[in-house]
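Here is the structure we will look at.
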Amino acid sequence: RGSLQRPAPDDQMDAGSLRLNGINICAEGLYDGIDQTFVEYGWLVHLALSPLIGQVTIPQIHQVFGFLQPFLLQLVAEEDQLKLPPPLELSIPKLDSSLKTILPQDLTDRAEVLKYTMIRLVAPEFNVQVVEAGCQLLLRGGPFRLANCTLANPECTEGYSLQLRDFQLIQYVQESRLIGGAGPEDNQAAQWLDAGNIHVPEISVDLRMKEPFPFVKQQTEFLVKHDHATHRLWFLWQNQDFC
């Protein structure tokens, strides 16, 4: 419920709603059994969301972002990341001993930088109404896909891929507000007019983070060595340097 209280008949907008029926999270580690030990060389995470349906006002959107901003900052903040135990030989799964020779000494405790990671988020559709007295903005589209992965490229450390189909943005205006209707009965009987409509059949975006990565050769050799038997990282075997 928002902090702004509206008089009748617009008081029903004081209580907004966002409905997400379910979240399915699948995580898979890529392991290679070599030298009588298991080496983790990849980490894949797949998040599948149910359709997102909601009706909110601008103040309620501000409250939602006020919660999400510190939450996401805690997820990506380096000081909040889990640290490996000091003796790497005791960690589970065990790390490849060759990492100590191909990485500088100050990066030995961060050998996971050579591993391939991919996080993918998918949603079948979304339908959210942003409402206010006498007007409404409808945002809908789907399916929606967002992926993040590490890259074996001298100029990039990671990349993002976004795909959204059938995106629509529709603006509605209540007829009674246009002709000056003031009574509650006029508001309930009034029709909604389509004042504007934007439709984009498909949105596709590919981004690469322009940060130097000095261990491209070491990462490629590490991934090829451990993925040679299974070929689960397809881009290693199709002459491509990105996911």
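So you can find residues: chains in the structure tokens are A, B, ... in the order shown, residues in each start at 1, and ligands are numbered from 1 in order.
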
message: Can you tell me which residues surround region 202-219 of chain A at a distance of at most 6 Å, considering only C-alpha atoms, apart from same-chain residues fewer than 4 positions away, and format the answer as number ranges by chain?
response: A: 114, 152, 154-166

Give me a file of those residues, with N, CA and C atoms, as an mmCIF file, in the first residue's frame.
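again.cif written:
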data_model
loop_
_atom_site.group_PDB
_atom_site.id
_atom_site.type_symbol
_atom_site.label_atom_id
_atom_site.label_comp_id
_atom_site.auth_asym_id
_atom_site.auth_seq_id
_atom_site.Cartn_x
_atom_site.Cartn_y
_atom_site.Cartn_z
ATOM 1 N N LEU A 114 39.187 -18.081 -13.581
ATOM 2 C CA LEU A 114 39.373 -18.818 -14.828
ATOM 3 C C LEU A 114 38.162 -19.653 -15.198
ATOM 4 N N ALA A 152 36.108 -15.149 -22.940
ATOM 5 C CA ALA A 152 37.540 -15.351 -23.153
ATOM 6 C C ALA A 152 37.986 -14.418 -24.262
ATOM 7 N N PRO A 154 40.477 -10.690 -25.013
ATOM 8 C CA PRO A 154 41.452 -9.778 -24.417
ATOM 9 C C PRO A 154 40.857 -8.461 -23.949
ATOM 10 N N GLU A 155 39.730 -8.026 -24.535
ATOM 11 C CA GLU A 155 39.168 -6.725 -24.215
ATOM 12 C C GLU A 155 37.956 -6.793 -23.295
ATOM 13 N N CYS A 156 37.455 -7.979 -23.014
ATOM 14 C CA CYS A 156 36.214 -8.106 -22.264
ATOM 15 C C CYS A 156 36.350 -9.142 -21.155
ATOM 16 N N THR A 157 35.647 -8.896 -20.078
ATOM 17 C CA THR A 157 35.608 -9.863 -18.983
ATOM 18 C C THR A 157 34.272 -10.574 -18.901
ATOM 19 N N GLU A 158 33.206 -9.967 -19.362
ATOM 20 C CA GLU A 158 31.893 -10.594 -19.337
ATOM 21 C C GLU A 158 30.988 -9.920 -20.351
ATOM 22 N N GLY A 159 29.869 -10.584 -20.651
ATOM 23 C CA GLY A 159 28.927 -10.050 -21.625
ATOM 24 C C GLY A 159 27.494 -10.281 -21.195
ATOM 25 N N TYR A 160 26.597 -9.479 -21.763
ATOM 26 C CA TYR A 160 25.170 -9.564 -21.462
ATOM 27 C C TYR A 160 24.394 -9.679 -22.769
ATOM 28 N N SER A 161 23.348 -10.470 -22.728
ATOM 29 C CA SER A 161 22.489 -10.648 -23.897
ATOM 30 C C SER A 161 21.038 -10.513 -23.453
ATOM 31 N N LEU A 162 20.285 -9.662 -24.149
ATOM 32 C CA LEU A 162 18.880 -9.400 -23.816
ATOM 33 C C LEU A 162 18.027 -9.621 -25.050
ATOM 34 N N GLN A 163 16.922 -10.333 -24.866
ATOM 35 C CA GLN A 163 15.969 -10.548 -25.954
ATOM 36 C C GLN A 163 14.551 -10.429 -25.412
ATOM 37 N N LEU A 164 13.770 -9.584 -26.043
ATOM 38 C CA LEU A 164 12.379 -9.358 -25.638
ATOM 39 C C LEU A 164 11.529 -9.285 -26.894
ATOM 40 N N ARG A 165 10.443 -10.039 -26.904
ATOM 41 C CA ARG A 165 9.545 -10.070 -28.055
ATOM 42 C C ARG A 165 8.170 -9.502 -27.696
ATOM 43 N N ASP A 166 7.541 -8.930 -28.717
ATOM 44 C CA ASP A 166 6.163 -8.417 -28.613
ATOM 45 C C ASP A 166 6.014 -7.438 -27.444
#

- request: Give the answer as one residue: which of A:Ala15, A:Leu73, A:Leu30, A:Leu44 has the shortest atom-to-atom distance to Ala229 (chain A), using only C-alpha atoms?
  value: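 Answer, going by the shortest atom-to-atom distance: A:Leu30.
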
message: Measuring between only C-alpha atoms, which one of A:Thr230, A:Gln168, A:Phe67, A:Cys26 shows the shortest distance to Ile119 (chain A)?
response: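 Looking only at the distances to Ile119 (chain A), the closest residue turns out to be A:Cys26.
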
query: Which is closest to Asn21 (chain A) among A:Ile53, A:Leu223, A:Leu139, A:Val45, if we use only C-alpha atoms?
result: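 Closest candidate: A:Ile53.
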
Non-local contacts of Ala123 (chain A) (8 Å; only C-alpha atoms; under 6 positions in same chain excluded) as an mmCIF file with N, CA, C and O atoms, in the first residue's frame:
data_model
loop_
_atom_site.group_PDB
_atom_site.id
_atom_site.type_symbol
_atom_site.label_atom_id
_atom_site.label_comp_id
_atom_site.auth_asym_id
_atom_site.auth_seq_id
_atom_site.Cartn_x
_atom_site.Cartn_y
_atom_site.Cartn_z
ATOM 1 N N ALA A 48 13.970 -19.449 -13.995
ATOM 2 C CA ALA A 48 12.741 -19.377 -14.782
ATOM 3 C C ALA A 48 11.641 -18.767 -13.919
ATOM 4 O O ALA A 48 11.345 -19.273 -12.829
ATOM 5 N N LEU A 49 11.046 -17.687 -14.393
ATOM 6 C CA LEU A 49 9.995 -16.990 -13.659
ATOM 7 C C LEU A 49 8.646 -17.297 -14.279
ATOM 8 O O LEU A 49 8.525 -17.542 -15.481
ATOM 9 N N SER A 50 7.616 -17.265 -13.455
ATOM 10 C CA SER A 50 6.249 -17.344 -13.949
ATOM 11 C C SER A 50 5.846 -15.980 -14.518
ATOM 12 O O SER A 50 6.564 -14.988 -14.324
ATOM 13 N N PRO A 51 4.727 -15.871 -15.217
ATOM 14 C CA PRO A 51 4.299 -14.559 -15.724
ATOM 15 C C PRO A 51 4.157 -13.533 -14.601
ATOM 16 O O PRO A 51 3.642 -13.841 -13.520
ATOM 17 N N GLY A 142 6.688 -10.372 -23.990
ATOM 18 C CA GLY A 142 7.168 -11.700 -23.679
ATOM 19 C C GLY A 142 7.178 -12.583 -24.907
ATOM 20 O O GLY A 142 6.464 -12.319 -25.881
ATOM 21 N N PRO A 143 8.062 -13.579 -24.882
ATOM 22 C CA PRO A 143 8.950 -13.984 -23.783
ATOM 23 C C PRO A 143 10.144 -13.042 -23.616
ATOM 24 O O PRO A 143 10.507 -12.310 -24.530
ATOM 25 N N PHE A 144 10.732 -13.115 -22.423
ATOM 26 C CA PHE A 144 11.845 -12.255 -22.032
ATOM 27 C C PHE A 144 13.016 -13.137 -21.623
ATOM 28 O O PHE A 144 12.850 -14.082 -20.848
ATOM 29 N N ARG A 145 14.206 -12.830 -22.147
ATOM 30 C CA ARG A 145 15.413 -13.607 -21.816
ATOM 31 C C ARG A 145 16.573 -12.658 -21.564
ATOM 32 O O ARG A 145 16.820 -11.741 -22.351
#

message: Ranking A:Gln129, A:Thr117, A:Gln60, A:Gln74 by minimum distance to Leu233 (chain A) and counting only C-alpha atoms, which one comes first?
response: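 Ranked by minimum distance to Leu233 (chain A), first place goes to A:Thr117.
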
field: Atom-to-atom span, CA of His231 (chain A) and CA of Asp32 (chain A), Å
entry: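 That distance, rounded to one decimal, is 11.3 Å.
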
query: So how far away is CA of Leu138 (chain A) from CA of Ile170 (chain A), in Å?
result: 5.1 Å

field: Distance query Leu193 (chain A) at most 8 Å, only C-alpha atoms, self and fewer than 2 positions along chain excluded, as an MDAnalysis selection string
entry: chainID A and resid 172:175 191 195

Output C-alpha atoms of each residue in that selection to a file, as an mmCIF file, in the first residue's frame.
data_model
loop_
_atom_site.group_PDB
_atom_site.id
_atom_site.type_symbol
_atom_site.label_atom_id
_atom_site.label_comp_id
_atom_site.auth_asym_id
_atom_site.auth_seq_id
_atom_site.Cartn_x
_atom_site.Cartn_y
_atom_site.Cartn_z
ATOM 1 C CA TYR A 172 -5.263 4.881 -21.782
ATOM 2 C CA VAL A 173 -7.202 7.975 -20.698
ATOM 3 C CA GLN A 174 -10.547 7.926 -18.908
ATOM 4 C CA GLU A 175 -13.276 9.593 -20.980
ATOM 5 C CA GLN A 191 -14.974 4.379 -21.043
ATOM 6 C CA ALA A 195 -4.543 7.555 -26.443
#

query: Which residue out of A:Val224, A:Leu20, A:Leu47, A:Ile58 has the minimum interatomic distance to Val130 (chain A) when only C-alpha atoms are used?
result: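 Result for the nearest residue to Val130 (chain A): A:Ile58.
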
- request: Just give me the gap between CA of Thr220 (chain A) and CA of Glu40 (chain A) in Å, one decimal is fine.
  value: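 Atom-to-atom, CA of Thr220 (chain A) and CA of Glu40 (chain A) are spaced 14.5 Å apart.
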
Among listed residues A:Tyr116, A:Asn24, A:Leu72, A:Gly16, nearest Arg232 (chain A) (using only C-alpha atoms):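 Smallest distance to Arg232 (chain A) is found for A:Tyr116.
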